[in-house]
Amino acid sequence: MSRSSDPGHFFQTDASESTRARRAAKSGNKNGNPIVLQSKILGAIPDPFSSTSIYIAESAGCVRKVDTKSQDTRTVYRGPAAPLTSVAIGGHGGAVVFAGCWDKDIWSWDKDSKVLVRRYKGHSDFVKTIICTKIGGKDCLISGGADSKIMVWDTATGDRLYTLRDKSDTMMAVQDLAVDPEDSIDSDIILVSASSDPHIRRWKINLSSASQILDTSEEAPSPSNPSRDTILEHETSVYNVRFSGDGEDTDLWTASADGTAKCLSRARNWSTEEVYEHGDYVRAVAATTDWVVTAGRDEDVKVWDRATGKLWHVFDGHYEEVTALVLLEGEKRVISVSIDGTIRVWPLEKGELEKARKESAEKAKGIVKDEEVKVKESLLTEKEDAELAELMDSDNE
């Protein structure tokens with residue numbers, strides 16, 4: 001029996017009908033020069049070997065390399081039958097493509113030949129995030145899952161080196177991971193994890209041991225140096241963590257379901273230095289010297305002026321939740337990807353931002369009309385779409 005993917009064949013509430021109508025009306029816009037795919041995009045990373053390319057994780061079960069300048073999307077890594085949530089490039093010389101999957105495994109391919117290399121098995125629930133790093137000269141893969149576990153893998157052998165869990169057993173599904181570039185050294189890395197609870201945790205990992213970093217400071221706590229076993233600066237789930245800056249000025253940026261993105265100051269023991277009130281669940285944040293970019297469930301890509309902390313411009317184009325942001329071309333462009341299946345490119349140079357603001361004002365007055373782009377039909381059935389939506393919503397609980 002064939003399965004229908006036509007929403008009209010399923011019961012629709014007034015709210016869902018209204019949402020579907022709004023998205024349909026918005027779906028054809030050409031804002032951000034969209035690259036349109038047939039699959040929802042759940043994750044994205046920059047290509048470490050190109051200033052214009054990204055790798056994306058798709059709900060259709062594939063990883064795709066996309067050149068955002070030429071719009072070439074032909075390099076595809078296939079195999080999984082379930083959606084992919086995350087992607088990383090690593091192994092010796094960055095020769096391997098890795099992807100976290102709904103099927104609880106991490107898949108890997110030879111980057112050049114696209115041949116499947118290995119599947120890493122160990123998580124008991126969805127793999128939600130992965131990163132690659134070197135520890136003591138060894139190429140390693142680190143994964144975080146909906147099973148509330150962080151696993152460290154040797155990419156040369158496929159062996160699992162460690163399984164990490166919160167000491168108090170309060171850590172929920174792991175949402176994101178980042179390596180601290182300032183505190184890490186060749187033999188030891190400092191890992192930061194974000195999860196579906198509001199706590200951000202730090203971990204020390206080397207080839208002989210791995211453990212959670214708990215506060216052991218002998219100094220008396222103070223407003224500028226609070227005592228903490230975890231970093232607690234958000235009210236609920238933290239979706240994205242990334243380091244930005246140079247040397248001792250490298251701070252931790254976070255995006256949360258509490259509607260904010262924040263800069264947590266290294267000098268102040270990870271207390272909040274800057275706050276950006278996006279206004280809805282924030283899935284991703286990216287920071288440059290001049291700008292902060294936030295995006296999430298409300299579909300908007302917002303650009304903030306770091307000098308004033310005020311909203312500078314809103315890029316309007318996506319018609320479903322934005323899942324990731326990637327800075328490219330020396331931070332002159334920010335790439336946004338979404339479960340609407342589009343990849344959009346937005347300028348971050350001052351002159352181009354001024355032009356975008358002017359065009360936005362003219363559109364609001366009806367002087368300029370949006371161009372339309374043909375939307376490709378989703379590869380997922382209505383049931384699979386609902387399952388994906390349920391998974392995304394579960395992150396907010």
# chains A, B, ... in the order shown; residues from 1 in each chain; ligands from 1

call {"tool": "residues_around", "arguments": {"residues": "A:Leu177", "least_positions_apart": "6", "cutoff": "12 Å", "atoms": "only C-alpha atoms", "output": "number ranges by chain"}}
result
A: 86, 88, 128-133, 141-145, 149-152, 190-195, 200-203, 238-243, 252-254

call {"tool": "closest_residue", "arguments": {"among": "A:Leu42, A:Ile189, A:Ala295, A:Ile343", "to": "A:Gly136", "atoms": "only C-alpha atoms"}}
result
A:Ile189

call {"tool": "closest_residue", "arguments": {"among": "A:Glu362, A:Asp316, A:Asp47, A:Glu321", "to": "A:Gly32", "atoms": "only C-alpha atoms"}}
result
A:Asp316

call {"tool": "residues_around", "arguments": {"residues": "stretch 53-58 of chain A", "least_positions_apart": "4", "cutoff": "9 Å", "atoms": "only C-alpha atoms", "output": "JSON, numbers by chain"}}
result
{"A": [39, 40, 41, 42, 43, 44, 45, 46, 47, 48, 49, 62, 63, 64, 65, 66, 67, 68, 69, 83, 84, 85, 86, 87, 88, 89, 99, 100, 326, 328, 335, 337, 339, 341]}

call {"tool": "write_last_selection", "arguments": {"atoms": "N, CA, C and O atoms", "output": "short mmCIF file (atom, residue, chain, number, x, y, z; two decimals), in the first residue's frame"}}
result
data_model
loop_
_atom_site.label_atom_id
_atom_site.label_comp_id
_atom_site.auth_asym_id
_atom_site.auth_seq_id
_atom_site.Cartn_x
_atom_site.Cartn_y
_atom_site.Cartn_z
N SER A 39 15.20 17.63 1.23
CA SER A 39 15.27 17.04 2.55
C SER A 39 15.48 18.11 3.61
O SER A 39 16.12 19.13 3.35
N LYS A 40 14.95 17.89 4.79
CA LYS A 40 15.15 18.81 5.90
C LYS A 40 16.63 18.78 6.32
O LYS A 40 17.25 17.72 6.34
N ILE A 41 17.16 19.93 6.66
CA ILE A 41 18.57 20.04 7.05
C ILE A 41 18.65 20.21 8.56
O ILE A 41 18.13 21.17 9.12
N LEU A 42 19.30 19.25 9.22
CA LEU A 42 19.32 19.22 10.68
C LEU A 42 20.64 19.68 11.28
O LEU A 42 20.72 19.91 12.50
N GLY A 43 21.68 19.80 10.46
CA GLY A 43 22.96 20.25 10.98
C GLY A 43 23.86 20.72 9.86
O GLY A 43 23.68 20.34 8.71
N ALA A 44 24.85 21.56 10.21
CA ALA A 44 25.79 22.06 9.20
C ALA A 44 27.09 22.47 9.86
O ALA A 44 27.10 22.93 11.01
N ILE A 45 28.20 22.29 9.12
CA ILE A 45 29.51 22.71 9.58
C ILE A 45 30.27 23.31 8.40
O ILE A 45 29.97 23.01 7.24
N PRO A 46 31.27 24.16 8.66
CA PRO A 46 32.10 24.65 7.55
C PRO A 46 33.01 23.55 7.03
O PRO A 46 33.42 22.65 7.77
N ASP A 47 33.31 23.60 5.75
CA ASP A 47 34.29 22.70 5.15
C ASP A 47 35.68 23.23 5.54
O ASP A 47 36.03 24.35 5.18
N PRO A 48 36.48 22.45 6.28
CA PRO A 48 37.79 22.94 6.72
C PRO A 48 38.77 23.17 5.58
O PRO A 48 39.82 23.78 5.78
N PHE A 49 38.43 22.71 4.38
CA PHE A 49 39.33 22.85 3.23
C PHE A 49 38.81 23.83 2.19
O PHE A 49 39.37 23.92 1.10
N CYS A 62 21.43 11.36 4.48
CA CYS A 62 22.69 11.56 3.75
C CYS A 62 23.40 12.80 4.25
O CYS A 62 22.80 13.71 4.84
N VAL A 63 24.72 12.83 4.01
CA VAL A 63 25.53 14.02 4.21
C VAL A 63 25.80 14.59 2.82
O VAL A 63 26.06 13.85 1.88
N ARG A 64 25.74 15.91 2.72
CA ARG A 64 25.96 16.54 1.42
C ARG A 64 26.96 17.69 1.58
O ARG A 64 26.89 18.48 2.53
N LYS A 65 27.91 17.74 0.65
CA LYS A 65 28.82 18.88 0.58
C LYS A 65 28.20 19.90 -0.37
O LYS A 65 27.78 19.57 -1.48
N VAL A 66 28.14 21.16 0.06
CA VAL A 66 27.49 22.21 -0.72
C VAL A 66 28.45 23.38 -0.88
O VAL A 66 28.95 23.92 0.11
N ASP A 67 28.72 23.75 -2.12
CA ASP A 67 29.49 24.96 -2.38
C ASP A 67 28.49 26.11 -2.47
O ASP A 67 27.67 26.17 -3.39
N THR A 68 28.52 27.00 -1.49
CA THR A 68 27.51 28.05 -1.43
C THR A 68 27.69 29.12 -2.51
O THR A 68 26.77 29.89 -2.78
N LYS A 69 28.86 29.15 -3.13
CA LYS A 69 29.10 30.14 -4.19
C LYS A 69 28.63 29.61 -5.54
O LYS A 69 27.89 30.27 -6.26
N PRO A 83 17.17 9.63 9.53
CA PRO A 83 17.70 10.99 9.45
C PRO A 83 19.05 11.15 10.14
O PRO A 83 19.33 10.51 11.16
N LEU A 84 19.88 12.01 9.58
CA LEU A 84 21.16 12.37 10.19
C LEU A 84 21.01 13.71 10.91
O LEU A 84 20.37 14.63 10.39
N THR A 85 21.59 13.81 12.07
CA THR A 85 21.42 14.99 12.92
C THR A 85 22.63 15.92 12.92
O THR A 85 22.49 17.11 13.22
N SER A 86 23.81 15.37 12.61
CA SER A 86 25.04 16.14 12.79
C SER A 86 26.13 15.59 11.89
O SER A 86 26.07 14.43 11.45
N VAL A 87 27.14 16.42 11.64
CA VAL A 87 28.21 16.03 10.73
C VAL A 87 29.53 16.61 11.23
O VAL A 87 29.56 17.66 11.88
N ALA A 88 30.64 15.90 10.96
CA ALA A 88 31.97 16.36 11.35
C ALA A 88 32.98 15.84 10.35
O ALA A 88 32.77 14.80 9.71
N ILE A 89 34.09 16.55 10.22
CA ILE A 89 35.20 16.14 9.37
C ILE A 89 36.41 15.86 10.26
O ILE A 89 36.77 16.70 11.08
N ALA A 99 28.91 11.22 10.59
CA ALA A 99 27.55 11.72 10.77
C ALA A 99 26.85 10.99 11.90
O ALA A 99 26.90 9.76 11.98
N GLY A 100 26.20 11.75 12.79
CA GLY A 100 25.38 11.16 13.84
C GLY A 100 23.99 10.89 13.30
O GLY A 100 23.45 11.67 12.50
N VAL A 326 26.52 29.04 9.96
CA VAL A 326 27.94 28.81 9.66
C VAL A 326 28.53 30.10 9.10
O VAL A 326 27.99 30.67 8.15
N LEU A 328 31.34 31.97 6.94
CA LEU A 328 32.23 31.64 5.83
C LEU A 328 32.89 32.89 5.27
O LEU A 328 32.51 34.01 5.62
N ILE A 335 25.89 31.60 6.77
CA ILE A 335 25.03 30.65 6.08
C ILE A 335 24.01 30.11 7.08
O ILE A 335 24.38 29.71 8.19
N VAL A 337 20.80 27.28 7.63
CA VAL A 337 20.14 26.09 7.09
C VAL A 337 18.91 25.81 7.93
O VAL A 337 18.84 26.18 9.11
N ILE A 339 14.98 23.34 8.46
CA ILE A 339 14.18 22.17 8.15
C ILE A 339 13.23 22.45 6.98
O ILE A 339 12.51 21.55 6.54
N GLY A 341 14.48 22.88 4.21
CA GLY A 341 15.25 22.31 3.11
C GLY A 341 16.04 23.31 2.30
O GLY A 341 16.52 22.98 1.22
#

call {"tool": "closest_residue", "arguments": {"among": "A:His92, A:Trp102, A:Ser336, A:Ser187", "to": "A:Thr157", "atoms": "only C-alpha atoms"}}
result
A:His92

call {"tool": "residues_around", "arguments": {"residues": "A:Ser360", "least_positions_apart": "6", "cutoff": "9 Å", "atoms": "only C-alpha atoms", "output": "mmCIF file with all heavy atoms, in the first residue's frame"}}
result
data_model
loop_
_atom_site.group_PDB
_atom_site.id
_atom_site.type_symbol
_atom_site.label_atom_id
_atom_site.label_comp_id
_atom_site.auth_asym_id
_atom_site.auth_seq_id
_atom_site.Cartn_x
_atom_site.Cartn_y
_atom_site.Cartn_z
ATOM 1 N N HIS A 313 19.514 44.196 12.024
ATOM 2 C CA HIS A 313 18.730 43.807 10.860
ATOM 3 C C HIS A 313 18.177 42.400 11.044
ATOM 4 O O HIS A 313 18.774 41.581 11.755
ATOM 5 C CB HIS A 313 19.592 43.852 9.594
ATOM 6 C CG HIS A 313 18.837 43.540 8.339
ATOM 7 N ND1 HIS A 313 17.747 44.274 7.918
ATOM 8 C CD2 HIS A 313 19.001 42.550 7.414
ATOM 9 C CE1 HIS A 313 17.285 43.777 6.792
ATOM 10 N NE2 HIS A 313 18.019 42.728 6.456
ATOM 11 N N VAL A 314 17.044 42.123 10.414
ATOM 12 C CA VAL A 314 16.441 40.795 10.411
ATOM 13 C C VAL A 314 16.397 40.286 8.970
ATOM 14 O O VAL A 314 15.761 40.911 8.109
ATOM 15 C CB VAL A 314 15.021 40.800 11.009
ATOM 16 C CG1 VAL A 314 14.425 39.386 10.932
ATOM 17 C CG2 VAL A 314 15.038 41.298 12.441
ATOM 18 N N PHE A 315 17.064 39.175 8.709
ATOM 19 C CA PHE A 315 16.994 38.535 7.401
ATOM 20 C C PHE A 315 15.804 37.578 7.404
ATOM 21 O O PHE A 315 15.746 36.639 8.200
ATOM 22 C CB PHE A 315 18.274 37.766 7.097
ATOM 23 C CG PHE A 315 19.436 38.642 6.726
ATOM 24 C CD1 PHE A 315 20.568 38.689 7.527
ATOM 25 C CD2 PHE A 315 19.408 39.415 5.576
ATOM 26 C CE1 PHE A 315 21.646 39.492 7.181
ATOM 27 C CE2 PHE A 315 20.483 40.221 5.227
ATOM 28 C CZ PHE A 315 21.612 40.264 6.027
ATOM 29 N N ASP A 316 14.872 37.846 6.526
ATOM 30 C CA ASP A 316 13.629 37.081 6.446
ATOM 31 C C ASP A 316 13.644 36.247 5.175
ATOM 32 O O ASP A 316 13.771 36.783 4.075
ATOM 33 C CB ASP A 316 12.454 38.065 6.428
ATOM 34 C CG ASP A 316 11.123 37.370 6.249
ATOM 35 O OD1 ASP A 316 10.988 36.237 6.732
ATOM 36 O OD2 ASP A 316 10.220 37.948 5.616
ATOM 37 N N VAL A 368 9.347 47.190 -3.444
ATOM 38 C CA VAL A 368 10.031 46.049 -4.049
ATOM 39 C C VAL A 368 9.279 44.783 -3.692
ATOM 40 O O VAL A 368 8.887 44.586 -2.544
ATOM 41 C CB VAL A 368 11.490 45.933 -3.542
ATOM 42 C CG1 VAL A 368 12.155 44.706 -4.149
ATOM 43 C CG2 VAL A 368 12.265 47.198 -3.887
#

call {"tool": "select_by_dssp", "arguments": {"residues": "stretch 189-356 of chain A", "states": "alpha helix (DSSP H)", "output": "list in words"}}
result
Lys350, Gly351, Glu352, Leu353, Glu354, Lys355 and Ala356 of chain A

call {"tool": "residues_around", "arguments": {"residues": "A:His123", "least_positions_apart": "5", "cutoff": "7 Å", "atoms": "only C-alpha atoms", "output": "PyMOL selection string"}}
result
chain A and resi 104-105+145+147

call {"tool": "write_last_selection", "arguments": {"atoms": "all heavy atoms", "output": "PDB file, in the first residue's frame"}}
result
ATOM      1  N   LYS A 104      21.017   5.584  16.167  1.00  0.00           N
ATOM      2  CA  LYS A 104      21.878   5.462  17.345  1.00  0.00           C
ATOM      3  C   LYS A 104      23.346   5.248  16.996  1.00  0.00           C
ATOM      4  O   LYS A 104      24.190   5.162  17.884  1.00  0.00           O
ATOM      5  CB  LYS A 104      21.408   4.335  18.286  1.00  0.00           C
ATOM      6  CG  LYS A 104      19.936   4.400  18.661  1.00  0.00           C
ATOM      7  CD  LYS A 104      19.502   3.172  19.422  1.00  0.00           C
ATOM      8  CE  LYS A 104      17.991   3.138  19.600  1.00  0.00           C
ATOM      9  NZ  LYS A 104      17.540   1.897  20.271  1.00  0.00           N
ATOM     10  N   ASP A 105      23.668   5.165  15.702  1.00  0.00           N
ATOM     11  CA  ASP A 105      25.047   4.941  15.271  1.00  0.00           C
ATOM     12  C   ASP A 105      25.672   6.229  14.757  1.00  0.00           C
ATOM     13  O   ASP A 105      24.986   7.201  14.436  1.00  0.00           O
ATOM     14  CB  ASP A 105      25.101   3.893  14.156  1.00  0.00           C
ATOM     15  CG  ASP A 105      24.703   2.511  14.627  1.00  0.00           C
ATOM     16  OD1 ASP A 105      24.589   2.300  15.855  1.00  0.00           O
ATOM     17  OD2 ASP A 105      24.499   1.636  13.761  1.00  0.00           O
ATOM     18  N   GLY A 145      24.629  12.080  22.884  1.00  0.00           N
ATOM     19  CA  GLY A 145      23.377  11.467  22.481  1.00  0.00           C
ATOM     20  C   GLY A 145      22.176  11.845  23.324  1.00  0.00           C
ATOM     21  O   GLY A 145      22.301  12.450  24.395  1.00  0.00           O
ATOM     22  N   ASP A 147      20.710   9.784  24.864  1.00  0.00           N
ATOM     23  CA  ASP A 147      20.833   8.909  26.033  1.00  0.00           C
ATOM     24  C   ASP A 147      21.598   9.567  27.175  1.00  0.00           C
ATOM     25  O   ASP A 147      21.929   8.911  28.166  1.00  0.00           O
ATOM     26  CB  ASP A 147      21.512   7.594  25.642  1.00  0.00           C
ATOM     27  CG  ASP A 147      22.875   7.800  24.986  1.00  0.00           C
ATOM     28  OD1 ASP A 147      23.350   8.951  24.917  1.00  0.00           O
ATOM     29  OD2 ASP A 147      23.468   6.805  24.525  1.00  0.00           O
TER      30      ASP A 147
END

call {"tool": "closest_residue", "arguments": {"among": "A:Asp340, A:Glu233, A:Asp169, A:Asp290", "to": "A:Asp305", "atoms": "only C-alpha atoms"}}
result
A:Asp290

call {"tool": "residues_around", "arguments": {"residues": "A:Val115", "least_positions_apart": "3", "cutoff": "10 Å", "atoms": "only C-alpha atoms", "output": "PDB file with C-alpha atoms, in the first residue's frame"}}
result
ATOM      1  CA  TYR A  77      27.469  10.445   1.205  1.00  0.00           C
ATOM      2  CA  ARG A  78      24.736   7.815   1.470  1.00  0.00           C
ATOM      3  CA  GLY A  79      23.913   4.716   3.504  1.00  0.00           C
ATOM      4  CA  VAL A  96      36.860  11.099   6.920  1.00  0.00           C
ATOM      5  CA  SER A 108      31.724   7.423   8.492  1.00  0.00           C
ATOM      6  CA  TRP A 109      32.881   7.651   4.870  1.00  0.00           C
ATOM      7  CA  ASP A 110      36.138   8.263   3.048  1.00  0.00           C
ATOM      8  CA  LYS A 111      35.862  11.932   2.098  1.00  0.00           C
ATOM      9  CA  ASP A 112      37.255  11.551  -1.412  1.00  0.00           C
ATOM     10  CA  ARG A 118      32.834   2.280   9.668  1.00  0.00           C
TER      11      ARG A 118
END
